[in-house]
Amino acid sequence: MRSTKVAIVLGAAVLLIAAQVASRGQTTPTPSEGSKPARAAEGARKYIENAEKDLFDLGVKASRASWVEENFITEDTEQIAADAGEVVNTASTKYAKEAHQFDGLKLAPELARKRLLLELSAGFPAPDDPKAQKELAQILASLDGDYGKGKWCPDGERGKCLDVTAMEKLMAESRDVDELKRAWVGWHAIGAPMRQRYARMVELGNAGARELGYADVGALWRSNYDMPPDDFAKEEDRLWEQLKPLYLSLHAYVRGQLRKKYRNDLVPANGPIPAHLLGNIWAQEWNNVYSLMDSPKPPESYDLTKILQERKTDARGMVKYGENFFISLGFAPLPTTFWERSLFTKPADRDVVCHASAWDVDSKEDLRIKMCIQIREEDFRVIHHELGHNFYQRAYMNQPPLFQGSANDGFHEAVGDTIALSVTPEYLKKIGLIETVPPASGDIDYLLQQALEKVAFLPFGLLVDKWRWEVFSGQVKPENYNRAWWELRTKYQGVAPLVERTEADFDPGAKYHVPANVPYARYFLARILQFQFHRALCKEAGITGPLHRCSIYGNRAAGEKLNGMLSMGASKPWQEALETIAGQKQMDATALADYFAPLKTWLDEQNKAKGYAVGW
Ligand code: X8Z
Ligand code: ZN
């Protein structure tokens, strides 16, 4: 689909039935021409190909409307986006339903896969009722717009207000606990007005999902992974269990260090960490509290934010660094229109959705990113992430429309992050951003920085959709939305709010992907997959030695291998795509665990020596 954001509408959806009916890549015999089954198969082909063309055209229109709305949020653009979204959502739901008429029909493998992807093409289906379709489209557009307009105004509406970009900066840089607390509470207030519409959206989506034969929207979302939906939930749990000890060690160390920095009565020795002290408004990544950690920093260690700012690198310059990395792997430069049409900096005079996203507006060459870039290390990384989406989109551009997506949505999220793992000190020296590479004695410090971003994120990546699955299934009712959210955040992340939260609040609404209705399991998968890809590409490049020192910069063999997998799009089950790059068909947390193994040993030693408790 054109934008990764709306990918749920016509996404790289693949499901259980794909495995069962299409026999996972085995050839299904095509009946001889002219026979009754052959005519039926031909009818199916015509139907499916017409549907994919129609959805493609409608998708481009919806994508344009969405682009305009997110770059210029007004009542009118919200209405335009809602109208276009309604048309594409209604059509994809209709096609998804009708595609079932071909269930059981023997089709050639490619067509069988298209049928399955068509059946899954409605990411958030509307019920078969024009009034409900309109209502759902309005709610979706208004929630998205509300998040984009979200602000915290410490001195009231007439005073200076902070948008999400300013909020993120404040949470990253401030060490004043009272200010952090006020800002945290202030930002979370944007969720409350969304609560009722969200509950109604859930009702409407569930009604639509049931008409398509799913128990609820959660079951539909979990059906996108070439395995039975219940197995997918178990698969995530399996991966999490493998990584939980590493997370617990990191959590214990960070909590101990925060106790040292802040008052002991603020950070408990054994309990959850207050959610406003981790340098991020959602406490999802903790890289911004790195400077509070006592890890051994060698004299050669560097601060990329400072370097970029001192060099007066601008937003475009930041993006250029990212593009150059892909070019070094053999990918063609981005089109001129990318540089003309992307949004790189926050406009001063209007509301935009600042949450970073990558788009392929016409599913051909019209690649763009939309991001309110700040000149700092974190955004340097996010730029690589976004460009990963764009290079993936371009690699599968020549696939038929239904295959223009990633192997599964975690793959889409993992590509740019894989490249960012190659942004090592050696690489930064090679491109002239630093002069000296820190010695091996600085590796623990480097790994800690990486872990504060990658490892800290894992439970958050897992729980956002655990919460939504509970909400969609009805296990959590609207009157318990917030309680369930904090139960999961405490259980998985070991973080807690400093102030009491009630059902007058709707804290999930303060996280972009909830009002924007973008599934989140993809980011959890991406954290696992990117290390698997990195390990495989380093091997392809013939680079031996520790994974955290490997950079595939400039390596054409690694680039070719990556491109081979990207260009498959969604044409095959993800297990096959994974095999072409990593030589294995299973998602495997050992690549991540191996990468951080030296840090795990060090953290355990530190926790023991300093008497830091583990767990909460
Ligand atoms: O939303 C994103 C990307 C756009 S697809 C910037 N990410 C998640 C988030 O910010 O919550 C990347 C990491 C997780
Ligand atoms: Zn992304």
# chains A, B, ... in the order shown; residues from 1 in each chain; ligands from 1
$ residues_near_ligand --ligand "ligand 2" --cutoff "10 Å" --atoms "only C-alpha atoms and all ligand atoms" --output "list in words"
Thr4, Lys5, Ala356, Ser357, Ala358, Val382, Ile383, His384, His385, Glu386, Leu387, Gly388, His389, Asn390, Asp409, Gly410, Phe411, His412, Glu413, Ala414, Val415, Gly416, Asp417, Arg522, Tyr523 and Ala526 of chain A
$ residues_around --residues "stretch 486-499 of chain A" --least-positions-apart "4" --cutoff "7 Å" --atoms "only C-alpha atoms" --output "VMD selection string"
chain A and resid 272 to 275 459 to 460 463 482 616
$ write_last_selection --atoms "N, CA and C atoms" --output "compact mmCIF listing (two decimals), in the first residue's frame"
# COMPACT_ATOMS: atom_id res chain seq x y z
N PRO A 272 7.91 -0.73 40.29
CA PRO A 272 7.97 -0.19 38.93
C PRO A 272 8.60 1.20 38.91
N ILE A 273 9.21 1.54 37.79
CA ILE A 273 9.84 2.85 37.62
C ILE A 273 8.76 3.88 37.24
N PRO A 274 8.78 5.06 37.85
CA PRO A 274 7.80 6.08 37.44
C PRO A 274 7.97 6.41 35.95
N ALA A 275 6.84 6.40 35.25
CA ALA A 275 6.88 6.45 33.78
C ALA A 275 7.37 7.77 33.21
N PRO A 459 9.02 -4.82 25.75
CA PRO A 459 7.71 -5.05 26.38
C PRO A 459 6.65 -4.05 25.92
N PHE A 460 7.07 -2.82 25.64
CA PHE A 460 6.10 -1.84 25.14
C PHE A 460 5.58 -2.30 23.78
N LEU A 463 3.01 -4.97 24.41
CA LEU A 463 1.77 -4.77 25.18
C LEU A 463 0.72 -3.90 24.49
N ASN A 482 -8.59 2.20 30.88
CA ASN A 482 -7.34 2.74 31.42
C ASN A 482 -6.69 1.79 32.43
N TRP A 616 10.00 -6.44 39.85
CA TRP A 616 9.17 -5.47 40.57
C TRP A 616 7.95 -6.13 41.17
$ select_by_dssp --residues "stretch 64-259 of chain A" --states "alpha helix (DSSP H)" --output "VMD selection string"
chain A and resid 64 to 71 75 to 98 109 to 119 130 to 149 164 to 173 177 to 188 195 to 211 217 to 222 229 to 259
$ closest_residue --among "A:Pro439, A:Ala348, A:Asp366, A:Gln284" --to "ligand 1" --atoms "only C-alpha atoms and all ligand atoms"
A:Gln284
$ residues_around --residues "A:Ile431" --least-positions-apart "5" --cutoff "12 Å" --atoms "only C-alpha atoms" --output "PyMOL selection string"
chain A and resi 321-322+324-325+328+423-426+436+553-554
$ write_last_selection --atoms "C-alpha atoms" --output "PDB file, in the first residue's frame"
ATOM      1  CA  TYR A 321      23.160  10.584   5.255  1.00  0.00           C
ATOM      2  CA  GLY A 322      20.455   7.936   5.296  1.00  0.00           C
ATOM      3  CA  ASN A 324      23.766   7.614   1.009  1.00  0.00           C
ATOM      4  CA  PHE A 325      23.865   4.470   3.101  1.00  0.00           C
ATOM      5  CA  SER A 328      26.344   2.475  -0.917  1.00  0.00           C
ATOM      6  CA  VAL A 423      25.644   3.030  11.918  1.00  0.00           C
ATOM      7  CA  THR A 424      28.600   1.999  14.047  1.00  0.00           C
ATOM      8  CA  PRO A 425      31.503   4.171  15.221  1.00  0.00           C
ATOM      9  CA  GLU A 426      33.634   2.691  12.386  1.00  0.00           C
ATOM     10  CA  THR A 436      38.522   8.430  16.398  1.00  0.00           C
ATOM     11  CA  TYR A 553      28.153   0.110   4.609  1.00  0.00           C
ATOM     12  CA  GLY A 554      29.344  -0.067   1.004  1.00  0.00           C
TER      13      GLY A 554
END
$ residues_around --residues "stretch 562-573 of chain A" --least-positions-apart "3" --cutoff "6 Å" --atoms "only C-alpha atoms" --output "PyMOL selection string"
chain A and resi 12+392+395-396+403-407+559+576-577
$ write_last_selection --atoms "N, CA and C atoms" --output "compact mmCIF listing (two decimals), in the first residue's frame"
# COMPACT_ATOMS: atom_id res chain seq x y z
N ALA A 12 0.17 -5.99 3.36
CA ALA A 12 0.85 -7.24 3.06
C ALA A 12 0.27 -8.29 3.97
N TYR A 392 11.97 -0.25 0.57
CA TYR A 392 11.17 -1.48 0.46
C TYR A 392 10.06 -1.26 -0.56
N ALA A 395 11.31 -1.39 -3.93
CA ALA A 395 11.80 -2.71 -4.35
C ALA A 395 10.64 -3.60 -4.80
N TYR A 396 9.46 -3.45 -4.20
CA TYR A 396 8.35 -4.32 -4.61
C TYR A 396 7.36 -3.64 -5.56
N PHE A 403 0.48 -7.82 -4.02
CA PHE A 403 1.77 -8.23 -3.46
C PHE A 403 2.66 -7.04 -3.12
N GLN A 404 2.12 -5.84 -3.32
CA GLN A 404 2.92 -4.65 -2.99
C GLN A 404 2.82 -4.36 -1.51
N GLY A 405 3.50 -5.14 -0.76
CA GLY A 405 3.53 -4.98 0.68
C GLY A 405 4.70 -5.78 1.18
N SER A 406 4.88 -5.76 2.48
CA SER A 406 6.03 -6.50 3.03
C SER A 406 5.62 -7.94 3.33
N ALA A 407 6.62 -8.77 3.58
CA ALA A 407 6.37 -10.20 3.84
C ALA A 407 5.42 -10.35 5.03
N GLY A 559 23.89 -5.77 0.02
CA GLY A 559 22.82 -5.00 -0.60
C GLY A 559 21.97 -5.86 -1.53
N GLU A 576 9.17 -17.77 3.91
CA GLU A 576 10.04 -17.96 2.73
C GLU A 576 10.93 -16.75 2.50
N ALA A 577 10.36 -15.58 2.72
CA ALA A 577 11.17 -14.36 2.57
C ALA A 577 12.31 -14.36 3.59
$ closest_residue --among "A:Leu140, A:Cys153, A:Ala233, A:Cys372" --to "ligand 1" --atoms "only C-alpha atoms and all ligand atoms"
A:Cys372
$ residues_around --residues "A:Ser92" --least-positions-apart "4" --cutoff "7 Å" --atoms "only C-alpha atoms" --output "MDAnalysis selection string"
chainID A and resid 55 88 96 121:122
$ residues_around --residues "A:Gln79" --least-positions-apart "5" --cutoff "9 Å" --atoms "only C-alpha atoms" --output "PyMOL selection string"
chain A and resi 69+74+84+138+141-142
$ write_last_selection --atoms "all heavy atoms" --output "mmCIF file, in the first residue's frame"
data_model
loop_
_atom_site.group_PDB
_atom_site.id
_atom_site.type_symbol
_atom_site.label_atom_id
_atom_site.label_comp_id
_atom_site.auth_asym_id
_atom_site.auth_seq_id
_atom_site.Cartn_x
_atom_site.Cartn_y
_atom_site.Cartn_z
ATOM 1 N N GLU A 69 -4.418 15.767 4.340
ATOM 2 C CA GLU A 69 -4.977 15.966 5.682
ATOM 3 C C GLU A 69 -3.885 16.019 6.741
ATOM 4 O O GLU A 69 -3.866 16.888 7.614
ATOM 5 C CB GLU A 69 -5.961 14.830 6.018
ATOM 6 C CG GLU A 69 -6.669 15.010 7.349
ATOM 7 C CD GLU A 69 -6.336 13.948 8.387
ATOM 8 O OE1 GLU A 69 -5.933 12.835 8.002
ATOM 9 O OE2 GLU A 69 -6.473 14.238 9.574
ATOM 10 N N THR A 74 -7.342 20.382 8.957
ATOM 11 C CA THR A 74 -8.481 21.289 9.160
ATOM 12 C C THR A 74 -9.744 20.429 9.093
ATOM 13 O O THR A 74 -9.681 19.256 8.727
ATOM 14 C CB THR A 74 -8.590 22.351 8.038
ATOM 15 O OG1 THR A 74 -8.887 21.670 6.810
ATOM 16 C CG2 THR A 74 -7.327 23.164 7.882
ATOM 17 N N ALA A 84 -12.569 9.705 1.365
ATOM 18 C CA ALA A 84 -11.749 8.786 0.556
ATOM 19 C C ALA A 84 -11.497 7.489 1.315
ATOM 20 O O ALA A 84 -11.514 6.395 0.737
ATOM 21 C CB ALA A 84 -10.426 9.458 0.193
ATOM 22 N N GLN A 138 -15.624 8.730 9.676
ATOM 23 C CA GLN A 138 -15.511 10.015 10.388
ATOM 24 C C GLN A 138 -14.706 9.843 11.662
ATOM 25 O O GLN A 138 -13.841 10.654 11.986
ATOM 26 C CB GLN A 138 -16.904 10.549 10.796
ATOM 27 C CG GLN A 138 -17.850 10.823 9.654
ATOM 28 C CD GLN A 138 -17.499 12.108 8.903
ATOM 29 O OE1 GLN A 138 -16.557 12.776 9.267
ATOM 30 N NE2 GLN A 138 -18.220 12.422 7.853
ATOM 31 N N ALA A 141 -10.928 9.354 10.911
ATOM 32 C CA ALA A 141 -10.246 10.587 10.509
ATOM 33 C C ALA A 141 -10.163 11.572 11.669
ATOM 34 O O ALA A 141 -9.150 12.266 11.841
ATOM 35 C CB ALA A 141 -10.946 11.220 9.314
ATOM 36 N N SER A 142 -11.205 11.636 12.496
ATOM 37 C CA SER A 142 -11.180 12.635 13.568
ATOM 38 C C SER A 142 -10.195 12.248 14.667
ATOM 39 O O SER A 142 -9.511 13.099 15.233
ATOM 40 C CB SER A 142 -12.578 12.871 14.136
ATOM 41 O OG SER A 142 -12.964 11.801 14.975
#
$ closest_residue --among "A:Arg311, A:Leu107, A:Glu540, A:Tyr595" --to "A:Glu42" --atoms "only C-alpha atoms"
A:Leu107
$ closest_residue --among "A:Val353, A:Ala504, A:Ile80, A:Leu105" --to "A:Gly191" --atoms "only C-alpha atoms"
A:Ala504
$ closest_residue --among "A:Ile373, A:Ala269, A:Leu599, A:Cys550" --to "ligand 1" --atoms "only C-alpha atoms and all ligand atoms"
A:Ile373
$ residues_around --residues "stretch 588-590 of chain A" --least-positions-apart "6" --cutoff "9 Å" --atoms "only C-alpha atoms" --output "PDB file with all heavy atoms, in the first residue's frame"
ATOM      1  N   LEU A 239       8.930 -15.471  21.941  1.00  0.00           N
ATOM      2  CA  LEU A 239      10.065 -14.581  21.695  1.00  0.00           C
ATOM      3  C   LEU A 239      10.330 -13.705  22.919  1.00  0.00           C
ATOM      4  O   LEU A 239      11.477 -13.484  23.323  1.00  0.00           O
ATOM      5  CB  LEU A 239       9.799 -13.720  20.453  1.00  0.00           C
ATOM      6  CG  LEU A 239       9.725 -14.511  19.134  1.00  0.00           C
ATOM      7  CD1 LEU A 239       9.063 -13.675  18.034  1.00  0.00           C
ATOM      8  CD2 LEU A 239      11.110 -14.972  18.682  1.00  0.00           C
ATOM      9  N   TRP A 240       9.262 -13.222  23.522  1.00  0.00           N
ATOM     10  CA  TRP A 240       9.401 -12.366  24.703  1.00  0.00           C
ATOM     11  C   TRP A 240      10.060 -13.133  25.854  1.00  0.00           C
ATOM     12  O   TRP A 240      10.949 -12.611  26.540  1.00  0.00           O
ATOM     13  CB  TRP A 240       8.043 -11.793  25.092  1.00  0.00           C
ATOM     14  CG  TRP A 240       7.995 -11.143  26.455  1.00  0.00           C
ATOM     15  CD1 TRP A 240       7.181 -11.463  27.489  1.00  0.00           C
ATOM     16  CD2 TRP A 240       8.809 -10.049  26.921  1.00  0.00           C
ATOM     17  NE1 TRP A 240       7.415 -10.659  28.568  1.00  0.00           N
ATOM     18  CE2 TRP A 240       8.414  -9.777  28.253  1.00  0.00           C
ATOM     19  CE3 TRP A 240       9.826  -9.281  26.360  1.00  0.00           C
ATOM     20  CZ2 TRP A 240       9.002  -8.778  29.024  1.00  0.00           C
ATOM     21  CZ3 TRP A 240      10.423  -8.280  27.137  1.00  0.00           C
ATOM     22  CH2 TRP A 240      10.010  -8.027  28.446  1.00  0.00           C
ATOM     23  N   GLN A 242      12.147 -15.447  25.707  1.00  0.00           N
ATOM     24  CA  GLN A 242      13.586 -15.590  25.445  1.00  0.00           C
ATOM     25  C   GLN A 242      14.352 -14.327  25.842  1.00  0.00           C
ATOM     26  O   GLN A 242      15.517 -14.393  26.201  1.00  0.00           O
ATOM     27  CB  GLN A 242      13.824 -15.838  23.944  1.00  0.00           C
ATOM     28  CG  GLN A 242      13.589 -17.266  23.489  1.00  0.00           C
ATOM     29  CD  GLN A 242      13.907 -17.408  21.995  1.00  0.00           C
ATOM     30  OE1 GLN A 242      13.056 -17.133  21.151  1.00  0.00           O
ATOM     31  NE2 GLN A 242      15.114 -17.816  21.674  1.00  0.00           N
ATOM     32  N   LEU A 243      13.674 -13.189  25.757  1.00  0.00           N
ATOM     33  CA  LEU A 243      14.392 -11.924  25.965  1.00  0.00           C
ATOM     34  C   LEU A 243      14.127 -11.272  27.322  1.00  0.00           C
ATOM     35  O   LEU A 243      14.774 -10.300  27.690  1.00  0.00           O
ATOM     36  CB  LEU A 243      14.023 -10.944  24.841  1.00  0.00           C
ATOM     37  CG  LEU A 243      14.464 -11.450  23.462  1.00  0.00           C
ATOM     38  CD1 LEU A 243      13.862 -10.603  22.357  1.00  0.00           C
ATOM     39  CD2 LEU A 243      15.994 -11.460  23.353  1.00  0.00           C
ATOM     40  N   ILE A 528      13.046  -7.959  16.727  1.00  0.00           N
ATOM     41  CA  ILE A 528      13.661  -9.292  16.652  1.00  0.00           C
ATOM     42  C   ILE A 528      14.273  -9.465  15.269  1.00  0.00           C
ATOM     43  O   ILE A 528      15.435  -9.869  15.128  1.00  0.00           O
ATOM     44  CB  ILE A 528      12.578 -10.396  16.854  1.00  0.00           C
ATOM     45  CG1 ILE A 528      11.691 -10.099  18.046  1.00  0.00           C
ATOM     46  CG2 ILE A 528      13.205 -11.797  16.870  1.00  0.00           C
ATOM     47  CD1 ILE A 528      12.179 -10.454  19.374  1.00  0.00           C
ATOM     48  N   LEU A 529      13.472  -9.148  14.254  1.00  0.00           N
ATOM     49  CA  LEU A 529      13.895  -9.415  12.873  1.00  0.00           C
ATOM     50  C   LEU A 529      15.124  -8.610  12.477  1.00  0.00           C
ATOM     51  O   LEU A 529      15.993  -9.100  11.751  1.00  0.00           O
ATOM     52  CB  LEU A 529      12.745  -9.094  11.906  1.00  0.00           C
ATOM     53  CG  LEU A 529      11.590 -10.096  11.892  1.00  0.00           C
ATOM     54  CD1 LEU A 529      10.377  -9.499  11.168  1.00  0.00           C
ATOM     55  CD2 LEU A 529      12.011 -11.408  11.216  1.00  0.00           C
ATOM     56  N   PHE A 531      17.700  -7.778  14.034  1.00  0.00           N
ATOM     57  CA  PHE A 531      18.973  -8.399  14.457  1.00  0.00           C
ATOM     58  C   PHE A 531      19.242  -9.656  13.644  1.00  0.00           C
ATOM     59  O   PHE A 531      20.391  -9.967  13.334  1.00  0.00           O
ATOM     60  CB  PHE A 531      18.942  -8.686  15.959  1.00  0.00           C
ATOM     61  CG  PHE A 531      19.083  -7.431  16.769  1.00  0.00           C
ATOM     62  CD1 PHE A 531      17.975  -6.698  17.177  1.00  0.00           C
ATOM     63  CD2 PHE A 531      20.346  -6.930  17.087  1.00  0.00           C
ATOM     64  CE1 PHE A 531      18.095  -5.520  17.889  1.00  0.00           C
ATOM     65  CE2 PHE A 531      20.490  -5.749  17.802  1.00  0.00           C
ATOM     66  CZ  PHE A 531      19.364  -5.039  18.199  1.00  0.00           C
ATOM     67  N   GLN A 532      18.169 -10.352  13.284  1.00  0.00           N
ATOM     68  CA  GLN A 532      18.332 -11.525  12.411  1.00  0.00           C
ATOM     69  C   GLN A 532      18.848 -11.085  11.034  1.00  0.00           C
ATOM     70  O   GLN A 532      19.749 -11.708  10.477  1.00  0.00           O
ATOM     71  CB  GLN A 532      16.973 -12.214  12.246  1.00  0.00           C
ATOM     72  CG  GLN A 532      16.899 -13.570  12.904  1.00  0.00           C
ATOM     73  CD  GLN A 532      15.508 -14.176  12.770  1.00  0.00           C
ATOM     74  OE1 GLN A 532      14.527 -13.551  13.190  1.00  0.00           O
ATOM     75  NE2 GLN A 532      15.414 -15.371  12.224  1.00  0.00           N
TER      76      GLN A 532
END
$ closest_residue --among "A:Gly442, A:Gly509, A:Gly256, A:Pro333" --to "A:Ala609" --atoms "only C-alpha atoms"
A:Gly256
$ atom_distance --atom1 "atom CA of A:Val164" --atom2 "atom CA of A:Val361"
24.7 Å
